[in-house]
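Just final04.tsv here, TSV, C-alpha atoms:
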chain	number	residue	atom	x	y	z
A	1	MET	CA	0.56	-32.05	30.91
A	2	PRO	CA	0.86	-28.39	31.74
A	3	LEU	CA	-2.27	-26.38	32.03
A	4	LYS	CA	-2.91	-24.23	29.03
A	5	GLY	CA	-5.00	-21.13	28.88
A	6	ILE	CA	-7.69	-20.81	26.29
A	7	ARG	CA	-6.27	-18.94	23.35
A	8	THR	CA	-8.41	-16.31	21.76
A	9	VAL	CA	-9.32	-17.16	18.24
A	10	THR	CA	-10.12	-13.67	17.07
A	11	ALA	CA	-9.50	-10.24	18.44
A	12	ALA	CA	-12.50	-8.01	18.87
A	13	ARG	CA	-12.31	-5.20	16.37
A	14	ASN	CA	-14.82	-2.44	16.49
A	15	GLY	CA	-16.48	-1.71	13.19
A	16	VAL	CA	-15.83	-5.00	11.42
A	17	GLY	CA	-19.19	-6.38	12.45
A	18	ALA	CA	-21.00	-4.08	14.83
A	19	PHE	CA	-19.98	-0.49	15.24
A	20	ILE	CA	-19.84	1.39	18.53
A	21	LEU	CA	-19.02	5.05	18.61
A	22	GLN	CA	-15.76	5.64	20.46
A	23	CYS	CA	-17.11	8.57	22.46
A	24	LYS	CA	-19.34	7.30	25.24
A	25	ARG	CA	-19.86	10.36	27.39
A	26	LEU	CA	-19.65	14.14	27.10
A	27	ASP	CA	-19.45	16.33	30.20
A	28	PHE	CA	-20.36	19.98	29.86
A	29	HIS	CA	-19.13	22.24	32.66
A	30	TYR	CA	-20.15	25.86	32.97
A	31	CYS	CA	-20.16	28.72	35.45
A	32	ASP	CA	-23.27	30.84	36.08
A	33	TRP	CA	-21.43	33.94	37.08
A	34	ALA	CA	-18.38	34.25	34.85
A	35	GLY	CA	-18.46	35.99	31.49
A	36	SER	CA	-16.34	33.37	29.74
A	37	SER	CA	-19.25	30.96	30.12
A	38	ARG	CA	-21.73	33.19	28.32
A	39	GLY	CA	-21.53	31.27	25.06
A	40	MET	CA	-21.58	27.98	26.91
A	41	VAL	CA	-24.74	28.86	28.83
A	42	SER	CA	-26.44	29.88	25.62
A	43	PHE	CA	-25.30	26.65	23.97
A	44	LEU	CA	-26.68	24.59	26.85
A	45	LYS	CA	-30.01	26.37	26.65
A	46	HIS	CA	-30.55	26.30	22.91
A	47	SER	CA	-28.34	23.86	21.01
A	48	LEU	CA	-27.68	21.05	23.43
A	49	PRO	CA	-31.15	19.41	23.32
A	50	ALA	CA	-30.91	19.02	19.55
A	51	PHE	CA	-27.34	17.76	19.79
A	52	ALA	CA	-28.34	15.20	22.41
A	53	LYS	CA	-31.27	14.07	20.31
A	54	GLU	CA	-29.03	13.56	17.29
A	55	ASN	CA	-26.63	11.43	19.29
A	56	PRO	CA	-28.59	9.07	21.48
A	57	GLN	CA	-25.59	6.79	21.95
A	58	ILE	CA	-23.67	9.44	23.90
A	59	GLU	CA	-24.39	10.04	27.56
A	60	ILE	CA	-24.50	13.76	28.27
A	61	ARG	CA	-23.89	15.32	31.66
A	62	VAL	CA	-24.18	19.00	32.46
A	63	SER	CA	-22.78	20.28	35.72
A	64	PRO	CA	-21.71	23.67	37.11
A	65	ARG	CA	-18.08	24.35	37.80
A	66	PRO	CA	-18.04	27.69	39.62
A	67	HIS	CA	-15.22	30.20	39.22
A	68	LYS	CA	-13.66	28.24	36.37
A	69	HIS	CA	-13.70	28.45	32.60
A	70	PRO	CA	-16.24	26.30	30.75
A	71	VAL	CA	-14.95	22.89	29.61
A	72	ILE	CA	-16.23	20.00	27.51
A	73	LYS	CA	-14.84	16.61	28.44
A	74	GLY	CA	-15.19	13.54	26.28
A	75	HIS	CA	-14.87	10.06	27.71
A	76	TYR	CA	-13.99	7.26	25.32
A	77	ILE	CA	-14.39	3.51	25.35
A	78	ASN	CA	-10.66	3.00	25.44
A	79	GLY	CA	-10.65	4.63	28.88
A	80	ARG	CA	-9.06	7.90	27.90
A	81	GLU	CA	-10.60	11.31	28.18
A	82	LYS	CA	-10.20	14.44	26.17
A	83	ALA	CA	-10.96	17.92	27.49
A	84	VAL	CA	-11.46	21.10	25.50
A	85	CYS	CA	-11.64	24.52	27.09
A	86	VAL	CA	-14.35	26.61	25.47
A	87	ARG	CA	-13.95	29.93	27.23
A	88	ASN	CA	-15.31	32.98	25.42
A	89	LEU	CA	-16.49	30.89	22.48
A	90	GLU	CA	-19.69	31.42	20.60
A	91	PRO	CA	-22.37	28.68	20.70
A	92	GLU	CA	-21.59	27.64	17.10
A	93	GLN	CA	-17.93	27.23	17.92
A	94	ILE	CA	-18.83	25.18	20.96
A	95	LEU	CA	-20.97	22.94	18.77
A	96	GLN	CA	-17.96	22.41	16.52
A	97	LYS	CA	-15.88	21.43	19.52
A	98	ALA	CA	-18.56	19.02	20.69
A	99	ASN	CA	-18.65	17.43	17.24
A	100	LEU	CA	-14.87	17.16	17.29
A	101	LEU	CA	-15.01	15.31	20.59
A	102	LYS	CA	-17.82	13.12	19.31
A	103	GLU	CA	-15.92	11.95	16.24
A	104	ALA	CA	-12.53	11.57	17.88
A	105	SER	CA	-11.13	8.14	18.48
A	106	GLY	CA	-9.93	8.88	22.01
A	107	GLU	CA	-6.37	7.86	21.22
A	108	LYS	CA	-3.42	10.03	22.02
A	109	LEU	CA	-2.59	12.20	19.03
A	110	LYS	CA	0.23	10.71	17.01
A	111	ARG	CA	1.96	11.45	13.76
A	112	THR	CA	1.92	8.33	11.65
A	113	LYS	CA	3.68	7.72	8.39
A	114	LYS	CA	1.91	4.53	7.36
A	115	PRO	CA	-1.77	4.67	6.48
A	116	VAL	CA	-2.59	1.02	7.19
A	117	THR	CA	-2.18	-0.74	10.51
A	118	SER	CA	-2.92	-4.42	10.59
A	119	ILE	CA	-2.87	-7.16	13.18
A	120	ASN	CA	-3.44	-9.87	10.60
A	121	GLU	CA	-0.73	-12.21	9.49
A	122	SER	CA	0.79	-11.60	6.11
A	123	VAL	CA	-1.46	-13.08	3.45
A	124	ARG	CA	1.27	-14.25	1.13
A	125	GLY	CA	3.60	-15.40	3.89
A	126	ILE	CA	7.26	-14.61	4.34
A	127	TRP	CA	9.61	-15.51	1.54
A	128	SER	CA	11.92	-18.37	2.28
A	129	PRO	CA	14.95	-19.41	0.23
A	130	TYR	CA	14.57	-23.05	1.25
A	131	HIS	CA	11.13	-23.56	-0.18
A	132	GLY	CA	9.85	-23.47	-3.69
A	133	ASP	CA	11.52	-24.69	-6.81
A	134	LEU	CA	15.08	-24.27	-7.92
A	135	ARG	CA	15.70	-21.77	-10.65
A	136	THR	CA	18.41	-22.14	-13.20
A	137	ILE	CA	19.80	-19.02	-14.73
B	1	MET	CA	3.73	-23.14	5.28
B	2	PHE	CA	1.51	-23.66	2.31
B	3	SER	CA	-1.47	-25.84	2.58
B	4	ARG	CA	-1.32	-29.07	0.69
B	5	SER	CA	-4.83	-28.80	-0.63
B	6	ALA	CA	-4.07	-25.47	-2.21
B	7	LEU	CA	-0.96	-26.90	-3.80
B	8	ALA	CA	-2.83	-29.83	-5.19
B	9	ARG	CA	-5.48	-27.57	-6.57
B	10	ALA	CA	-2.88	-25.32	-8.06
B	11	PHE	CA	-1.17	-28.19	-9.84
B	12	ALA	CA	-4.47	-29.28	-11.24
B	13	LEU	CA	-4.77	-26.04	-13.18
B	14	PRO	CA	-5.85	-26.39	-16.76
B	15	LEU	CA	-3.13	-26.61	-19.30
B	16	GLU	CA	-3.76	-23.39	-21.14
B	17	GLN	CA	-3.37	-21.50	-17.90
B	18	ALA	CA	-0.04	-23.09	-17.15
B	19	ALA	CA	1.25	-22.68	-20.67
B	20	ARG	CA	0.75	-18.92	-20.80
B	21	PRO	CA	3.81	-17.07	-22.00
B	22	SER	CA	3.89	-14.90	-18.90
B	23	LEU	CA	4.15	-17.91	-16.63
B	24	THR	CA	6.92	-20.37	-16.38
B	25	ARG	CA	5.81	-23.94	-16.00
B	26	THR	CA	7.64	-24.33	-12.74
B	27	THR	CA	5.69	-21.68	-10.89
B	28	THR	CA	2.23	-23.11	-11.15
B	29	PHE	CA	1.44	-22.49	-7.50
B	30	ARG	CA	1.77	-18.75	-7.96
B	31	ALA	CA	-0.77	-18.57	-10.69
B	32	CYS	CA	-1.81	-15.19	-12.00
B	33	LEU	CA	-5.26	-14.65	-13.29
B	34	HIS	CA	-5.38	-11.77	-15.65
B	35	GLN	CA	-8.76	-10.21	-15.65
B	36	ALA	CA	-8.52	-7.31	-17.99
B	37	THR	CA	-7.00	-9.20	-20.87
B	38	THR	CA	-10.48	-10.08	-21.91
B	39	THR	CA	-12.10	-6.74	-21.40
B	40	ALA	CA	-13.42	-5.24	-24.56
B	41	PRO	CA	-11.73	-2.04	-25.68
B	42	THR	CA	-14.95	-0.04	-25.44
B	43	THR	CA	-15.52	-0.92	-21.82
B	44	GLN	CA	-11.88	-0.35	-21.05
B	45	ALA	CA	-12.12	3.19	-22.28
B	46	GLU	CA	-15.29	3.93	-20.41
B	47	GLU	CA	-15.16	2.15	-17.09
B	48	PRO	CA	-12.20	3.77	-15.40
B	49	LEU	CA	-13.89	7.14	-15.81
B	50	SER	CA	-17.13	6.01	-14.27
B	51	ALA	CA	-15.35	4.23	-11.47
B	52	ASN	CA	-13.36	7.34	-10.79
B	53	ARG	CA	-16.43	9.45	-10.44
B	54	ARG	CA	-17.94	7.10	-7.91
B	55	THR	CA	-14.79	6.87	-5.90
B	56	GLU	CA	-14.35	10.58	-5.62
B	57	SER	CA	-17.91	11.24	-4.67
B	58	SER	CA	-17.36	8.66	-1.90
B	59	THR	CA	-21.02	8.09	-1.43
B	60	PRO	CA	-21.72	5.29	1.00
B	61	ASP	CA	-22.96	2.25	-0.80
B	62	THR	CA	-24.28	-0.48	1.38
B	63	HIS	CA	-25.82	-2.70	-1.23
B	64	PRO	CA	-24.57	-6.23	-1.06
B	65	THR	CA	-25.76	-7.27	-4.47
B	66	ARG	CA	-27.31	-5.51	-7.36
B	67	GLN	CA	-29.90	-7.26	-9.36
B	68	THR	CA	-30.00	-5.06	-12.41
B	69	PRO	CA	-27.31	-2.69	-13.55
B	70	SER	CA	-29.56	0.33	-14.00
B	71	THR	CA	-31.75	0.50	-10.90
B	72	THR	CA	-31.17	0.46	-7.17
B	73	THR	CA	-33.79	0.15	-4.50
B	74	PHE	CA	-34.63	3.04	-2.22
B	75	ARG	CA	-33.50	2.39	1.30
B	76	THR	CA	-35.75	3.73	4.00
B	77	ASP	CA	-33.17	3.52	6.76
B	78	LEU	CA	-30.88	6.03	5.10
B	79	PRO	CA	-31.40	9.76	4.61
B	80	PRO	CA	-31.88	10.95	1.03
B	81	SER	CA	-28.37	12.35	0.84
B	82	LYS	CA	-26.88	8.96	1.62
B	83	GLN	CA	-28.85	6.76	-0.72
B	84	PRO	CA	-26.69	4.44	-2.77
B	85	ILE	CA	-26.18	5.81	-6.21
B	86	PRO	CA	-26.96	3.53	-9.12
B	87	PRO	CA	-24.04	1.94	-10.89
B	88	THR	CA	-22.75	3.88	-13.82
B	89	PHE	CA	-21.72	1.04	-16.08
B	90	THR	CA	-24.01	-0.02	-18.84
B	91	ASN	CA	-22.33	-3.01	-20.40
B	92	PRO	CA	-22.56	-6.40	-18.75
B	93	LEU	CA	-19.42	-7.85	-17.24
B	94	ARG	CA	-17.26	-9.71	-19.73
B	95	VAL	CA	-15.10	-12.48	-18.43
B	96	SER	CA	-13.11	-15.05	-20.29
B	97	GLN	CA	-13.52	-18.78	-20.04
B	98	SER	CA	-10.11	-19.14	-18.43
B	99	LEU	CA	-11.01	-16.63	-15.73
B	100	LEU	CA	-14.24	-18.48	-15.06
B	101	THR	CA	-12.37	-21.74	-14.60
B	102	THR	CA	-9.61	-20.31	-12.42
B	103	LEU	CA	-11.64	-17.89	-10.31
B	104	PRO	CA	-12.85	-20.59	-7.86
B	105	TYR	CA	-9.27	-21.23	-6.80
B	106	LEU	CA	-8.90	-17.63	-5.74
B	107	THR	CA	-12.36	-17.40	-4.22
B	108	SER	CA	-12.01	-20.47	-2.05
B	109	GLN	CA	-8.60	-19.63	-0.64
B	110	LYS	CA	-8.89	-17.25	2.27
B	111	PRO	CA	-7.79	-14.75	3.47
B	112	HIS	CA	-7.62	-12.23	0.67
B	113	TYR	CA	-5.72	-9.04	0.26
B	114	ILE	CA	-6.62	-6.15	-1.97
B	115	SER	CA	-4.73	-3.23	-3.31
B	116	ALA	CA	-7.53	-0.69	-3.28
B	117	HIS	CA	-7.04	2.70	-4.87
B	118	LEU	CA	-8.49	5.89	-3.49
B	119	HIS	CA	-7.60	9.16	-5.18
B	120	ASP	CA	-5.03	7.18	-7.15
B	121	ARG	CA	-3.19	6.02	-4.06
B	122	PRO	CA	-2.95	2.29	-3.40
B	123	TYR	CA	-3.72	0.86	0.02
B	124	LEU	CA	-2.88	-2.77	0.69
B	125	LEU	CA	-5.75	-3.99	2.83
B	126	THR	CA	-6.94	-7.17	4.46
B	127	GLU	CA	-10.06	-7.74	6.50
B	128	GLY	CA	-10.07	-5.97	9.85
B	129	ASP	CA	-7.30	-3.53	9.02
B	130	GLU	CA	-7.39	0.03	10.20
B	131	LEU	CA	-6.86	2.65	7.54
B	132	ARG	CA	-6.04	6.23	8.36
B	133	LEU	CA	-6.53	8.21	5.19
B	134	PRO	CA	-4.06	11.02	4.57
B	135	PHE	CA	-6.95	13.47	4.38
B	136	ARG	CA	-10.29	14.16	5.97
B	137	MET	CA	-13.06	12.75	3.86
B	138	PRO	CA	-15.94	15.17	3.49
B	139	ASN	CA	-19.61	14.32	3.96
B	140	VAL	CA	-19.13	11.15	5.94
B	141	ALA	CA	-20.09	10.46	9.54
B	142	PRO	CA	-18.87	7.77	11.93
B	143	GLY	CA	-20.66	4.52	11.26
B	144	ASP	CA	-21.05	5.03	7.52
B	145	VAL	CA	-20.13	2.16	5.25
B	146	LEU	CA	-18.22	2.86	2.06
B	147	ARG	CA	-17.48	0.46	-0.72
B	148	PHE	CA	-14.15	0.65	-2.48
B	149	ASN	CA	-14.65	-0.06	-6.13
B	150	ARG	CA	-11.19	0.40	-7.51
B	151	ALA	CA	-8.57	-2.23	-7.10
B	152	SER	CA	-5.50	-3.11	-9.06
B	153	VAL	CA	-4.53	-6.35	-7.35
B	154	LEU	CA	-6.64	-8.88	-5.51
B	155	GLY	CA	-5.15	-12.05	-4.20
B	156	SER	CA	-4.76	-14.81	-1.69
B	157	ARG	CA	-1.76	-16.81	-0.64
B	158	ASP	CA	-1.20	-18.59	-3.93
B	159	PHE	CA	-3.33	-16.77	-6.46
B	160	THR	CA	-3.47	-13.23	-7.73
B	161	LEU	CA	-6.00	-11.43	-9.87
B	162	LYS	CA	-4.40	-8.49	-11.58
B	163	GLY	CA	-6.19	-5.72	-13.36
B	164	SER	CA	-4.76	-3.74	-16.18
B	165	PRO	CA	-4.84	-1.24	-14.73
B	166	TYR	CA	-7.89	-1.94	-12.56
B	167	ILE	CA	-10.10	-4.91	-11.81
B	168	ASP	CA	-13.73	-4.62	-12.75
B	169	GLU	CA	-15.62	-3.54	-9.67
B	170	ARG	CA	-18.27	-6.22	-10.11
B	171	LEU	CA	-15.76	-8.98	-9.40
B	172	PHE	CA	-15.13	-8.15	-5.74
B	173	GLU	CA	-16.51	-6.43	-2.68
B	174	CYS	CA	-14.43	-4.33	-0.32
B	175	ARG	CA	-16.29	-2.41	2.35
B	176	VAL	CA	-14.90	-0.05	4.92
B	177	ARG	CA	-16.54	1.54	7.94
B	178	VAL	CA	-15.92	5.14	8.89
B	179	MET	CA	-14.68	5.09	12.48
B	180	GLY	CA	-14.18	8.76	13.10
B	181	VAL	CA	-11.83	11.63	12.58
B	182	ASP	CA	-8.38	11.66	14.03
B	183	SER	CA	-6.01	14.54	14.41
B	184	GLU	CA	-2.28	14.89	14.51
B	185	PRO	CA	-0.28	16.73	17.15
B	186	LEU	CA	0.21	20.40	16.50
B	187	ARG	CA	3.06	21.03	14.12
B	188	VAL	CA	5.08	24.18	14.54
B	189	LYS	CA	7.23	25.32	11.66
B	190	GLU	CA	9.69	28.05	12.51
B	191	LYS	CA	10.28	30.47	9.70
B	192	THR	CA	13.10	32.95	9.71
B	193	LYS	CA	14.36	35.65	7.43
B	194	ARG	CA	17.94	36.74	7.17
B	195	ARG	CA	19.25	39.56	9.34
B	196	ARG	CA	15.98	39.84	11.17
B	197	ARG	CA	15.70	38.80	14.76
B	198	HIS	CA	12.22	37.54	14.41
B	199	VAL	CA	10.98	33.99	14.18
B	200	GLN	CA	7.59	33.37	12.70
B	201	ARG	CA	5.91	30.22	13.95
B	202	VAL	CA	3.43	28.65	11.58
B	203	THR	CA	1.18	26.03	13.09
B	204	SER	CA	-0.88	23.38	11.43
B	205	LYS	CA	-2.98	20.53	12.69
B	206	HIS	CA	-4.40	18.24	10.04
B	207	ARG	CA	-7.33	15.94	10.48
B	208	TYR	CA	-7.65	12.45	9.09
B	209	THR	CA	-10.49	10.05	8.56
B	210	LEU	CA	-10.20	6.66	10.23
B	211	LEU	CA	-11.58	3.67	8.40
B	212	ARG	CA	-11.88	0.00	9.26
B	213	VAL	CA	-11.97	-2.66	6.58
B	214	MET	CA	-15.11	-4.72	7.04
B	215	ASP	CA	-14.67	-7.33	4.37
B	216	VAL	CA	-12.56	-8.20	1.38
B	217	LYS	CA	-14.40	-10.67	-0.75
B	218	VAL	CA	-14.02	-12.10	-4.20
B	219	LYS	CA	-17.29	-13.02	-5.80
B	220	THR	CA	-17.84	-16.58	-6.79
B	221	VAL	CA	-18.77	-17.64	-10.27
B	222	GLU	CA	-22.28	-18.46	-9.08
B	223	GLU	CA	-22.71	-14.96	-7.70
B	224	LEU	CA	-21.48	-13.45	-10.92
B	225	LYS	CA	-23.90	-15.55	-12.89
B	226	SER	CA	-26.80	-14.82	-10.56
B	227	GLN	CA	-26.28	-11.13	-11.16
B	228	GLY	CA	-27.04	-11.89	-14.77
B	229	GLU	CA	-24.22	-9.72	-15.93
B	230	VAL	CA	-21.71	-12.23	-17.10
B	231	VAL	CA	-20.89	-12.58	-20.75
B	232	VAL	CA	-18.41	-15.29	-21.43
B	233	VAL	CA	-16.11	-14.40	-24.28
B	234	GLU	CA	-13.63	-16.75	-25.84
B	235	ASP	CA	-9.98	-16.00	-25.51
B	236	GLU	CA	-8.69	-14.10	-28.48
B	237	LYS	CA	-5.20	-15.24	-27.71
B	238	ALA	CA	-5.09	-18.15	-25.37

Reformat the file's structure so that it appears as structure tokens.
Amino acid sequence: MPLKGIRTVTAARNGVGAFILQCKRLDFHYCDWAGSSRGMVSFLKHSLPAFAKENPQIEIRVSPRPHKHPVIKGHYINGREKAVCVRNLEPEQILQKANLLKEASGEKLKRTKKPVTSINESVRGIWSPYHGDLRTI
Amino acid sequence: MFSRSALARAFALPLEQAARPSLTRTTTFRACLHQATTTAPTTQAEEPLSANRRTESSTPDTHPTRQTPSTTTFRTDLPPSKQPIPPTFTNPLRVSQSLLTTLPYLTSQKPHYISAHLHDRPYLLTEGDELRLPFRMPNVAPGDVLRFNRASVLGSRDFTLKGSPYIDERLFECRVRVMGVDSEPLRVKEKTKRRRRHVQRVTSKHRYTLLRVMDVKVKTVEELKSQGEVVVVEDEKA
């Protein structure tokens, strides 16, 4: 008898039972010297503590990145990362960008035509001409 | 492959169900349960409006069962803006005797599918599906639970409950979880005018709400009766 692997009964699907936010980490990079980081520095000083308190499930890292524009990077549980450059932005705009990264799914952006994607089998089954009763016209 | 037990149960349907004019006698295993044939005309005129209002407000409603139709309990774990709103219907649910006898067939046969309507668009959903709405839903955050209360069709492999046009929202539960907001790649539309060497590029980038279907459930007769909202009416035309 050949050895058989254990087949998975169900696929883990986030949100059906427990829900985990897709964004797991946000990195904030800034530069102390450059003028494009002015809004970012102000955001880090004033708005970031409240933002971090609102979202305890997200790990937040702040680190300098000298001689570069300020960047927010989001890391997602599907392994991807998403980076947004926030040069010359006001603190409110940076907060919007942080919220965008927080709510994003981490997937690559795609244009889809169908609203529903399903991995379930068809509930009603596939129609077969060989089953069922005969119809007389 | 259809299961033999379901077939046997389907053939054991009561006679008045099988002898309906809309059904041929040979198709007993695709039985249709018509829900709204027994709805009173007053409720029919009123309920779609109330259901519409609740759907459009899209307030998260996480109550599994309601005890009384007029009051809901205050939930301490939710902010005041996200409290479940009380149901807007006033009349108790009216079901016919034939629906009461045939509903267990549908309830016991899993899985179920539902054709849920949101802003008058149908979405064919089963449990665990991912739904990307064609718009961004306002005032929701990731993790919120919404309850869809409008459905036109609800069914399993062999049985279907059809509403005319919608099923009463107290007969089923369909919950979805807000997963987040997705975006599409930047679209660039090139616009030109005649005899002008200039191309205007219009960009757009829409955002969409991602939802995940948590459960699709048909309530059992016992649950309907325990809500204390069931009024059994006799069939006017059997």

Inset, instruction - Write out as a list of chain:residue names each polymer residue whose atoms come within 10 Å of Asn78 of chain A, counting only C-alpha atoms; drop sequence neighbours fewer than 6 positions from it. - result: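 Once the adjacent positions are removed, what remains is A:Gln22, A:Cys23, A:Lys24, A:Ser105, A:Gly106, A:Glu107.
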
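Taking atom CA of Val181 of chain B as the reference point, atom CA of Arg207 of chain B is found at 6.6 Å.
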
Under the rule of at most 9 Å, produce a per-residue listing of chain B near chain A: chain, number, name, the closest pair of atoms, and the distance in Å, as JSON lines, using all atoms listed in the file.
{"residue": "B:Met1", "atom": "CA", "partner": "A:Gly125", "partner_atom": "CA", "distance": 7.9}
{"residue": "B:Phe2", "atom": "CA", "partner": "A:Gly125", "partner_atom": "CA", "distance": 8.7}
{"residue": "B:Thr26", "atom": "CA", "partner": "A:Asp133", "partner_atom": "CA", "distance": 7.1}
{"residue": "B:Thr27", "atom": "CA", "partner": "A:Asp133", "partner_atom": "CA", "distance": 7.7}
{"residue": "B:Lys110", "atom": "CA", "partner": "A:Val123", "partner_atom": "CA", "distance": 8.6}
{"residue": "B:Pro111", "atom": "CA", "partner": "A:Val123", "partner_atom": "CA", "distance": 6.5}
{"residue": "B:His112", "atom": "CA", "partner": "A:Val123", "partner_atom": "CA", "distance": 6.8}
{"residue": "B:Tyr113", "atom": "CA", "partner": "A:Val123", "partner_atom": "CA", "distance": 6.7}
{"residue": "B:Tyr123", "atom": "CA", "partner": "A:Val116", "partner_atom": "CA", "distance": 7.3}
{"residue": "B:Leu124", "atom": "CA", "partner": "A:Val116", "partner_atom": "CA", "distance": 7.5}
{"residue": "B:Leu125", "atom": "CA", "partner": "A:Val116", "partner_atom": "CA", "distance": 7.4}
{"residue": "B:Thr126", "atom": "CA", "partner": "A:Asn120", "partner_atom": "CA", "distance": 7.6}
{"residue": "B:Glu127", "atom": "CA", "partner": "A:Val16", "partner_atom": "CA", "distance": 8.1}
{"residue": "B:Gly128", "atom": "CA", "partner": "A:Val16", "partner_atom": "CA", "distance": 6.0}
{"residue": "B:Asp129", "atom": "CA", "partner": "A:Ser118", "partner_atom": "CA", "distance": 4.7}
{"residue": "B:Glu130", "atom": "CA", "partner": "A:Thr117", "partner_atom": "CA", "distance": 5.3}
{"residue": "B:Leu131", "atom": "CA", "partner": "A:Val116", "partner_atom": "CA", "distance": 4.6}
{"residue": "B:Arg132", "atom": "CA", "partner": "A:Pro115", "partner_atom": "CA", "distance": 4.9}
{"residue": "B:Leu133", "atom": "CA", "partner": "A:Pro115", "partner_atom": "CA", "distance": 6.1}
{"residue": "B:Pro134", "atom": "CA", "partner": "A:Pro115", "partner_atom": "CA", "distance": 7.0}
{"residue": "B:Ala141", "atom": "CA", "partner": "A:Glu103", "partner_atom": "CA", "distance": 8.0}
{"residue": "B:Pro142", "atom": "CA", "partner": "A:Glu103", "partner_atom": "CA", "distance": 6.7}
{"residue": "B:Gly143", "atom": "CA", "partner": "A:Phe19", "partner_atom": "CA", "distance": 6.4}
{"residue": "B:Gly155", "atom": "CA", "partner": "A:Val123", "partner_atom": "CA", "distance": 8.6}
{"residue": "B:Ser156", "atom": "CA", "partner": "A:Val123", "partner_atom": "CA", "distance": 6.3}
{"residue": "B:Arg157", "atom": "CA", "partner": "A:Arg124", "partner_atom": "CA", "distance": 4.3}
{"residue": "B:Asp158", "atom": "CA", "partner": "A:Arg124", "partner_atom": "CA", "distance": 7.1}
{"residue": "B:Val176", "atom": "CA", "partner": "A:Val16", "partner_atom": "CA", "distance": 8.2}
{"residue": "B:Arg177", "atom": "CA", "partner": "A:Gly15", "partner_atom": "CA", "distance": 6.2}
{"residue": "B:Val178", "atom": "CA", "partner": "A:Gly15", "partner_atom": "CA", "distance": 8.1}
{"residue": "B:Met179", "atom": "CA", "partner": "A:Gly15", "partner_atom": "CA", "distance": 7.1}
{"residue": "B:Gly180", "atom": "CA", "partner": "A:Glu103", "partner_atom": "CA", "distance": 4.8}
{"residue": "B:Val181", "atom": "CA", "partner": "A:Ala104", "partner_atom": "CA", "distance": 5.3}
{"residue": "B:Asp182", "atom": "CA", "partner": "A:Ala104", "partner_atom": "CA", "distance": 5.7}
{"residue": "B:Ser183", "atom": "CA", "partner": "A:Leu109", "partner_atom": "CA", "distance": 6.2}
{"residue": "B:Glu184", "atom": "CA", "partner": "A:Leu109", "partner_atom": "CA", "distance": 5.3}
{"residue": "B:Pro185", "atom": "CA", "partner": "A:Leu109", "partner_atom": "CA", "distance": 5.4}
{"residue": "B:Leu210", "atom": "CA", "partner": "A:Ser105", "partner_atom": "CA", "distance": 8.4}
{"residue": "B:Leu211", "atom": "CA", "partner": "A:Gly15", "partner_atom": "CA", "distance": 8.7}
{"residue": "B:Arg212", "atom": "CA", "partner": "A:Gly15", "partner_atom": "CA", "distance": 6.3}
{"residue": "B:Val213", "atom": "CA", "partner": "A:Val16", "partner_atom": "CA", "distance": 6.6}
{"residue": "B:Met214", "atom": "CA", "partner": "A:Val16", "partner_atom": "CA", "distance": 4.4}
{"residue": "B:Asp215", "atom": "CA", "partner": "A:Val16", "partner_atom": "CA", "distance": 7.5}

Inset, instruction - Identify, on the basis of only C-alpha atoms, every residue whose closest approach to Ala151 of chain B does not exceed 6 Å; exclude the query and any residue fewer than 6 positions from it along the same chain; express the result as number ranges by chain. - result: B: 115-117, 166-167

Could you write those residues out with C-alpha atoms, as a PDB file, in the frame of the given file?
ATOM      1  CA  SER B 115      -4.730  -3.230  -3.310  1.00  0.00           C
ATOM      2  CA  ALA B 116      -7.530  -0.690  -3.280  1.00  0.00           C
ATOM      3  CA  HIS B 117      -7.040   2.700  -4.870  1.00  0.00           C
ATOM      4  CA  TYR B 166      -7.890  -1.940 -12.560  1.00  0.00           C
ATOM      5  CA  ILE B 167     -10.100  -4.910 -11.810  1.00  0.00           C
TER       6      ILE B 167
END

Inset, instruction - May I ask which of the residues B:Arg121, B:Arg170, B:Arg75, B:Arg197 is the closest one to Leu93 of chain B, counting all atoms listed in the file? - result: B:Arg170

Inset, instruction - Identify, on the basis of all atoms listed in the file, every residue whose closest approach to Met40 of chain A does not exceed 10 Å; exclude the query and any residue fewer than 6 positions from it along the same chain; express the result as an MDAnalysis selection string. - result: chainID A and resid 28:32 46:48 69:72 86:95

Inset, instruction - Measure the distance from atom CA of Glu54 of chain A to atom CA of His206 of chain B in Å and round it to one decimal. - result: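 Pair atom CA of Glu54 of chain A / atom CA of His206 of chain B returns 26.1 Å.
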